[in-house]
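Have a look at coords-v1.cif below; it lists mmCIF, C-alpha atoms.
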data_model
loop_
_atom_site.label_atom_id
_atom_site.label_comp_id
_atom_site.auth_asym_id
_atom_site.auth_seq_id
_atom_site.Cartn_x
_atom_site.Cartn_y
_atom_site.Cartn_z
CA MET A 25 104.39 39.04 -54.59
CA ARG A 26 101.52 41.47 -55.03
CA ASP A 27 97.99 39.99 -54.91
CA ASP A 28 95.93 41.65 -57.64
CA VAL A 29 92.73 39.90 -56.57
CA VAL A 30 92.62 40.76 -52.86
CA ARG A 31 92.93 44.43 -51.94
CA SER A 32 93.84 46.01 -48.65
CA VAL A 33 91.09 47.99 -46.95
CA ASP A 34 91.51 50.95 -44.63
CA ARG A 35 88.83 52.10 -42.19
CA LEU A 36 86.55 49.14 -42.85
CA PRO A 37 83.24 49.58 -40.94
CA GLN A 38 82.72 47.13 -38.10
CA ILE A 39 79.76 46.47 -35.79
CA PHE A 40 79.99 45.98 -32.03
CA TRP A 41 77.27 45.09 -29.54
CA SER A 42 76.54 47.42 -26.63
CA ASP A 43 78.64 45.24 -24.32
CA GLY A 44 81.70 45.86 -26.49
CA GLN A 45 81.73 42.43 -28.16
CA PRO A 46 82.10 42.42 -31.96
CA TRP A 47 79.45 40.94 -34.21
CA SER A 48 82.10 38.68 -35.69
CA GLU A 49 79.98 37.12 -38.42
CA VAL A 50 78.92 40.46 -39.89
CA ASN A 51 82.40 41.91 -39.57
CA LEU A 52 83.90 38.94 -41.41
CA TRP A 53 81.30 39.42 -44.16
CA ALA A 54 82.33 43.06 -44.48
CA LEU A 55 86.01 42.10 -44.59
CA GLU A 56 85.52 39.53 -47.34
CA MET A 57 83.47 41.98 -49.40
CA GLY A 58 85.96 44.77 -48.77
CA ARG A 59 88.89 42.68 -49.99
CA ASP A 60 87.04 41.73 -53.18
CA ARG A 61 88.05 44.12 -55.96
CA ASP A 62 84.74 43.50 -57.71
CA VAL A 63 82.80 45.01 -54.80
CA LYS A 64 82.82 48.77 -54.32
CA ILE A 65 83.77 50.00 -50.85
CA LYS A 66 80.76 52.31 -51.03
CA THR A 67 78.55 49.23 -51.31
CA VAL A 68 80.18 47.64 -48.26
CA VAL A 69 79.64 50.79 -46.21
CA SER A 70 75.99 51.00 -47.27
CA LEU A 71 75.33 47.36 -46.37
CA MET A 72 77.00 47.74 -42.98
CA GLU A 73 74.92 50.82 -42.23
CA HIS A 74 71.79 48.74 -42.77
CA LEU A 75 73.16 45.91 -40.62
CA HIS A 76 74.03 48.42 -37.90
CA LYS A 77 70.38 49.51 -37.78
CA TYR A 78 69.41 45.84 -37.62
CA ALA A 79 71.82 45.24 -34.73
CA ASN A 80 70.29 48.18 -32.84
CA TRP A 81 66.83 46.69 -33.33
CA LEU A 82 68.00 43.26 -32.14
CA GLU A 83 69.29 44.75 -28.90
CA GLU A 84 66.18 46.87 -28.46
CA VAL A 85 63.80 43.90 -28.68
CA GLN A 86 66.32 41.59 -27.00
CA VAL A 87 66.26 38.77 -29.53
CA ASP A 88 69.15 36.71 -30.92
CA TRP A 89 69.90 37.07 -34.62
CA ARG A 90 69.78 33.27 -34.98
CA HIS A 91 66.29 32.89 -33.50
CA PHE A 92 64.29 30.79 -35.99
CA PRO A 93 61.58 28.82 -34.14
CA GLN A 94 58.94 26.80 -35.97
CA THR A 95 56.31 29.45 -35.29
CA LYS A 96 56.72 31.81 -38.24
CA ALA A 97 55.48 34.95 -36.46
CA GLU A 98 58.21 34.59 -33.82
CA ARG A 99 61.13 34.26 -36.24
CA VAL A 100 63.56 37.13 -35.99
CA LEU A 101 63.44 38.10 -39.67
CA VAL A 102 59.65 38.03 -39.80
CA ARG A 103 59.50 40.29 -36.76
CA TYR A 104 62.06 42.66 -38.23
CA ARG A 105 60.19 42.80 -41.51
CA GLY A 106 57.07 43.80 -39.61
CA ALA A 107 58.97 46.51 -37.73
CA LEU A 108 60.34 47.95 -40.98
CA ILE A 109 56.91 48.02 -42.61
CA GLU A 110 55.45 49.74 -39.57
CA SER A 111 58.18 52.39 -39.68
CA ARG A 112 57.56 52.89 -43.39
CA ASP A 113 53.81 53.25 -42.95
CA GLN A 114 54.33 55.78 -40.15
CA GLY A 115 56.58 57.83 -42.41
CA ALA A 116 59.76 57.19 -40.41
CA LEU A 117 61.40 55.32 -43.32
CA LYS A 118 61.21 55.88 -47.05
CA PRO A 119 59.87 52.90 -49.04
CA SER A 120 63.21 52.63 -50.89
CA THR A 121 65.15 52.56 -47.60
CA THR A 122 62.82 49.92 -46.18
CA THR A 123 63.35 47.70 -49.21
CA ALA A 124 67.13 48.18 -49.21
CA ARG A 125 67.43 47.50 -45.47
CA MET A 126 65.55 44.21 -45.66
CA ARG A 127 67.51 43.22 -48.77
CA ALA A 128 70.82 43.88 -46.99
CA VAL A 129 69.80 41.76 -44.01
CA ILE A 130 68.70 38.88 -46.24
CA ARG A 131 71.97 39.15 -48.15
CA PHE A 132 73.92 38.76 -44.92
CA TYR A 133 71.88 35.74 -43.85
CA ARG A 134 72.57 34.03 -47.17
CA TYR A 135 76.26 34.52 -46.48
CA ALA A 136 75.89 33.30 -42.88
CA ALA A 137 74.11 30.13 -44.02
CA GLY A 138 76.77 29.52 -46.66
CA ARG A 139 79.47 29.79 -43.97
CA ASN A 140 77.52 27.53 -41.58
CA PHE A 141 77.21 30.32 -39.02
CA ILE A 142 73.57 29.30 -38.88
CA SER A 143 71.92 26.05 -39.90
CA ARG A 144 71.09 25.88 -43.57
CA ASP A 145 67.90 24.10 -42.54
CA ALA A 146 66.76 26.93 -40.26
CA PRO A 147 63.31 28.14 -41.39
CA ARG A 148 64.45 31.63 -42.41
CA TRP A 149 62.29 32.19 -45.48
CA GLN A 150 60.94 30.58 -48.63
CA ASP A 151 62.86 31.27 -51.82
CA LYS A 152 60.90 31.86 -55.00
CA THR A 153 61.80 32.65 -58.59
CA VAL A 154 60.31 35.73 -60.22
CA VAL A 155 60.34 36.23 -63.99
CA VAL A 156 60.84 39.86 -65.03
CA SER A 157 60.15 40.98 -68.61
CA TYR A 158 62.15 43.80 -70.20
CA PHE A 159 63.16 45.16 -73.61
CA ASP A 160 66.77 45.22 -74.74
CA THR A 161 68.50 48.09 -76.53
CA VAL A 162 67.16 47.03 -79.95
CA GLY A 163 63.58 46.56 -78.81
CA PHE A 164 63.42 42.77 -78.35
CA GLU A 165 61.51 41.53 -75.32
CA ARG A 166 63.62 39.49 -72.93
CA THR A 167 62.97 37.75 -69.63
CA LEU A 168 65.13 37.62 -66.55
CA GLN A 169 64.77 35.18 -63.68
CA ARG A 170 65.43 36.62 -60.24
CA LEU A 171 65.59 34.84 -56.90
CA THR A 172 63.61 36.50 -54.14
CA THR A 173 62.05 35.52 -50.80
CA ASP A 174 58.67 35.64 -49.12
CA ILE A 175 60.01 38.16 -46.58
CA SER A 176 61.37 40.68 -49.08
CA ILE A 177 59.72 44.10 -49.00
CA PRO A 178 58.74 45.51 -52.42
CA ASN A 179 59.59 49.15 -53.01
CA ARG A 180 56.07 50.50 -53.23
CA THR A 181 54.76 53.88 -52.19
CA ARG A 182 51.51 54.02 -50.30
CA SER A 183 48.48 54.11 -52.54
CA GLY A 184 45.87 56.85 -52.52
CA ILE A 185 45.92 60.62 -52.74
CA ARG A 186 48.84 62.29 -50.98
CA LEU A 187 48.69 65.91 -49.83
CA GLU A 188 51.33 68.41 -48.74
CA ASP A 189 54.11 67.07 -46.48
CA GLY A 190 52.87 63.50 -46.94
CA LEU A 191 49.50 64.07 -45.29
CA LEU A 192 46.60 61.81 -46.20
CA PRO A 193 43.02 63.04 -46.69
CA LEU A 194 40.30 62.15 -44.20
CA THR A 195 38.12 59.21 -45.09
CA GLU A 196 34.38 59.80 -45.16
CA GLN A 197 34.00 57.85 -41.92
CA HIS A 198 36.70 59.84 -40.14
CA MET A 199 35.26 63.12 -41.41
CA THR A 200 31.83 62.21 -40.03
CA GLU A 201 33.33 61.26 -36.67
CA LEU A 202 35.36 64.47 -36.52
CA LEU A 203 32.36 66.67 -37.25
CA ARG A 204 30.23 64.83 -34.70
CA PHE A 205 32.93 65.22 -32.05
CA ALA A 206 33.40 68.92 -32.84
CA LYS A 207 29.67 69.60 -32.68
CA GLU A 208 29.40 67.94 -29.27
CA ASN A 209 32.65 69.12 -27.67
CA ALA A 210 34.03 72.20 -29.49
CA SER A 211 32.80 75.74 -29.89
CA GLU A 212 30.16 76.49 -32.50
CA GLU A 213 32.66 78.60 -34.44
CA LEU A 214 35.17 75.78 -34.72
CA TYR A 215 32.47 73.31 -35.70
CA LEU A 216 31.25 75.63 -38.46
CA MET A 217 34.81 76.17 -39.71
CA LEU A 218 35.35 72.41 -39.95
CA LEU A 219 31.97 71.99 -41.64
CA ILE A 220 32.83 74.56 -44.31
CA GLY A 221 36.28 73.09 -44.85
CA CYS A 222 35.06 69.51 -45.22
CA PHE A 223 32.27 70.29 -47.68
CA THR A 224 33.90 73.04 -49.75
CA GLY A 225 37.59 72.15 -49.62
CA ALA A 226 38.44 75.71 -48.58
CA ARG A 227 41.71 76.28 -46.73
CA LEU A 228 41.83 77.62 -43.19
CA GLY A 229 43.08 81.01 -44.39
CA THR A 230 40.08 81.33 -46.70
CA ILE A 231 37.59 80.25 -44.05
CA THR A 232 38.84 82.71 -41.45
CA THR A 233 38.51 85.65 -43.87
CA LEU A 234 34.91 84.89 -44.91
CA ARG A 235 32.41 87.69 -44.46
CA VAL A 236 28.62 87.71 -44.34
CA SER A 237 28.63 89.33 -47.79
CA ALA A 238 30.41 86.29 -49.19
CA MET A 239 27.64 83.93 -48.14
#

Write the structure described by the file as structure tokens, please.
Amino acid sequence: MRDDVVRSVDRLPQIFWSDGQPWSEVNLWALEMGRDRDVKIKTVVSLMEHLHKYANWLEEVQVDWRHFPQTKAERVLVRYRGALIESRDQGALKPSTTTARMRAVIRFYRYAAGRNFISRDAPRWQDKTVVVSYFDTVGFERTLQRLTTDISIPNRTRSGIRLEDGLLPLTEQHMTELLRFAKENASEELYLMLLIGCFTGARLGTITTLRVSAM
């Protein structure tokens, strides 16, 4: 008899540790999602890609995925959250990717706790309810309650002015330090070029083509 609820899945992504052993808990999660007709295979693949990156990080820092000591800063998920934020701030990860990656990891841990793969009492995070306001299709304001955690990463771009290729402008303090360093250690020409650029906003191409008559 054909089962219309459970589907067969070909080429289901699986995760293995560097020693060849499977990450059985994650792979079972992927299998159960993959066999659920209400879950798109594309979603399963995306989640497993995020968990694969997480597995690589676990092996890199040599910490067990079930490491939840009482000291919050030492908990595996808190440490991973910090690593993701650092990568985002350095420009190695997009804010949206950072948010999605942490969300995928939390989603797996909810499953793992529900299956008793880890203790439900392990201090993983603190759940909290967020109320989101929105307007429906006819203009009435509605509210939606959403469960989130204290280790989720909001999808927020870095504040402040952003220049070409994601560069950030110099702060006044950094500009002063740069000019002082250039005056003491660089050639007079370079110092003057930096001085003109900082106080006029002129580009390098403009500065290098200045003539006495332009002064």

Checklist line | Selection dump of the PyMOL selection byres ((chain A and resi 34) around 12), as a PyMOL selection string | finding: chain A and resi 31-33+35-38+55+58-59+65+69

Checklist line | Shell around A:Leu228 at 12 Å using all atoms listed in the file, local window under 3 positions removed, as a PyMOL selection string | finding: chain A and resi 214+216-222+224-225+231-234

Please, could you write that set of residues out with C-alpha atoms as a tab-separated table (two decimals), in the coordinates of the input?
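Written output follows (selection-v2.tsv):
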chain	number	residue	atom	x	y	z
A	214	LEU	CA	35.17	75.78	-34.72
A	216	LEU	CA	31.25	75.63	-38.46
A	217	MET	CA	34.81	76.17	-39.71
A	218	LEU	CA	35.35	72.41	-39.95
A	219	LEU	CA	31.97	71.99	-41.64
A	220	ILE	CA	32.83	74.56	-44.31
A	221	GLY	CA	36.28	73.09	-44.85
A	222	CYS	CA	35.06	69.51	-45.22
A	224	THR	CA	33.90	73.04	-49.75
A	225	GLY	CA	37.59	72.15	-49.62
A	231	ILE	CA	37.59	80.25	-44.05
A	232	THR	CA	38.84	82.71	-41.45
A	233	THR	CA	38.51	85.65	-43.87
A	234	LEU	CA	34.91	84.89	-44.91

Margin query: Quick one: residues within 6 Å of stretch 74-82 of chain A, all atoms listed in the file, excluding same-chain residues fewer than 4 positions away - as a PyMOL selection string?
Written below: chain A and resi 86-87+125

For the residues in the current selection, export C-alpha atoms as a compact mmCIF listing (two decimals), in the coordinates of the input.
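Saved file result09.txt follows:
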# COMPACT_ATOMS: atom_id res chain seq x y z
CA GLN A 86 66.32 41.59 -27.00
CA VAL A 87 66.26 38.77 -29.53
CA ARG A 125 67.43 47.50 -45.47

Next item on the list: Check what the PyMOL selection byres ((chain A and resi 127) around 10) selects in the file above and give those residues as a VMD selection string.
Entry: chain A and resid 71 74 121 to 126 128 to 133 172 to 173 175 to 178

Find the axis-aligned box for stretch 211-222 of chain A, covering all its listed atoms and adding 3 Å on each side, and write its centre and edge lengths in Å to one decimal as lines of an AutoDock Vina configuration file.
center_x = 33.2
center_y = 74.1
center_z = -37.6
size_x = 12.1
size_y = 15.1
size_z = 21.3

Check: For A:Lys96, which of A:Gln45, A:Leu202, A:Pro147, A:Glu213 is the closest residue, counting all atoms listed in the file?
Finding: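 Closest residue, counting all atoms listed in the file: A:Pro147.
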
Checklist line | Straight-line distance linking atom CA of A:Glu110 with atom CA of A:Asn179, stated in Å to one decimal | finding: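 Separation between atom CA of A:Glu110 and atom CA of A:Asn179: 14.1 Å.
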
Check: Hey, can you check how far atom CA of A:Gln114 sits from atom CA of A:Leu101?
Finding: 19.9 Å

Checklist line | Nearest residue to A:Met72 from the set A:Pro93, A:Phe40, A:Lys118, A:Arg134 (distances using only C-alpha atoms) | finding: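 Between A:Pro93, A:Phe40, A:Lys118, A:Arg134, the residue approaching A:Met72 most closely is A:Phe40.
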
Notebook entry, point to check: For the atom pair atom CA of A:His198 and atom CA of A:Arg235, what is the interatomic distance in Å to one decimal place?
Noted result: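 Between these atoms lies a distance of 28.5 Å.
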
Next item on the list: Using the chain letters and residue numbers of this document, give as a list in words the residues selected by the PyMOL selection byres ((chain A and resi 141) around 12).
Entry: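 Applied to this file, the PyMOL selection byres ((chain A and resi 141) around 12) selects Trp47, Ser48, Glu49, Val50, Leu52, Trp53, Trp89, Arg90, Phe132, Tyr133, Arg134, Tyr135, Ala136, Ala137, Gly138, Arg139, Asn140, Ile142, Ser143, Arg144, Asp145 and Ala146 of chain A.
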
Kindly reconstruct stretch 224-238 of chain A with N, CA and C atoms and present the result as a CSV table (one decimal), in the coordinates of the input.
chain,number,residue,atom,x,y,z
A,224,THR,N,33.5,72.1,-48.6
A,224,THR,CA,33.9,73.0,-49.8
A,224,THR,C,35.3,72.9,-50.2
A,225,GLY,N,36.2,72.3,-49.3
A,225,GLY,CA,37.6,72.2,-49.6
A,225,GLY,C,38.4,73.4,-49.4
A,226,ALA,N,37.8,74.4,-48.8
A,226,ALA,CA,38.4,75.7,-48.6
A,226,ALA,C,39.5,75.6,-47.5
A,227,ARG,N,40.6,76.3,-47.7
A,227,ARG,CA,41.7,76.3,-46.7
A,227,ARG,C,41.3,77.1,-45.5
A,228,LEU,N,42.1,76.9,-44.4
A,228,LEU,CA,41.8,77.6,-43.2
A,228,LEU,C,41.9,79.1,-43.4
A,229,GLY,N,42.9,79.6,-44.2
A,229,GLY,CA,43.1,81.0,-44.4
A,229,GLY,C,41.9,81.6,-45.1
A,230,THR,N,41.3,80.8,-46.0
A,230,THR,CA,40.1,81.3,-46.7
A,230,THR,C,38.9,81.4,-45.8
A,231,ILE,N,38.8,80.3,-45.0
A,231,ILE,CA,37.6,80.2,-44.0
A,231,ILE,C,37.6,81.4,-43.0
A,232,THR,N,38.8,81.7,-42.5
A,232,THR,CA,38.8,82.7,-41.4
A,232,THR,C,38.7,84.1,-42.0
A,233,THR,N,38.7,84.3,-43.3
A,233,THR,CA,38.5,85.6,-43.9
A,233,THR,C,37.1,85.8,-44.5
A,234,LEU,N,36.3,84.8,-44.4
A,234,LEU,CA,34.9,84.9,-44.9
A,234,LEU,C,34.1,86.0,-44.2
A,235,ARG,N,33.3,86.7,-45.0
A,235,ARG,CA,32.4,87.7,-44.5
A,235,ARG,C,31.0,87.3,-44.8
A,236,VAL,N,30.0,88.0,-44.1
A,236,VAL,CA,28.6,87.7,-44.3
A,236,VAL,C,28.3,88.0,-45.8
A,237,SER,N,28.9,89.0,-46.4
A,237,SER,CA,28.6,89.3,-47.8
A,237,SER,C,29.1,88.2,-48.8
A,238,ALA,N,29.9,87.3,-48.3
A,238,ALA,CA,30.4,86.3,-49.2
A,238,ALA,C,29.5,85.1,-49.2
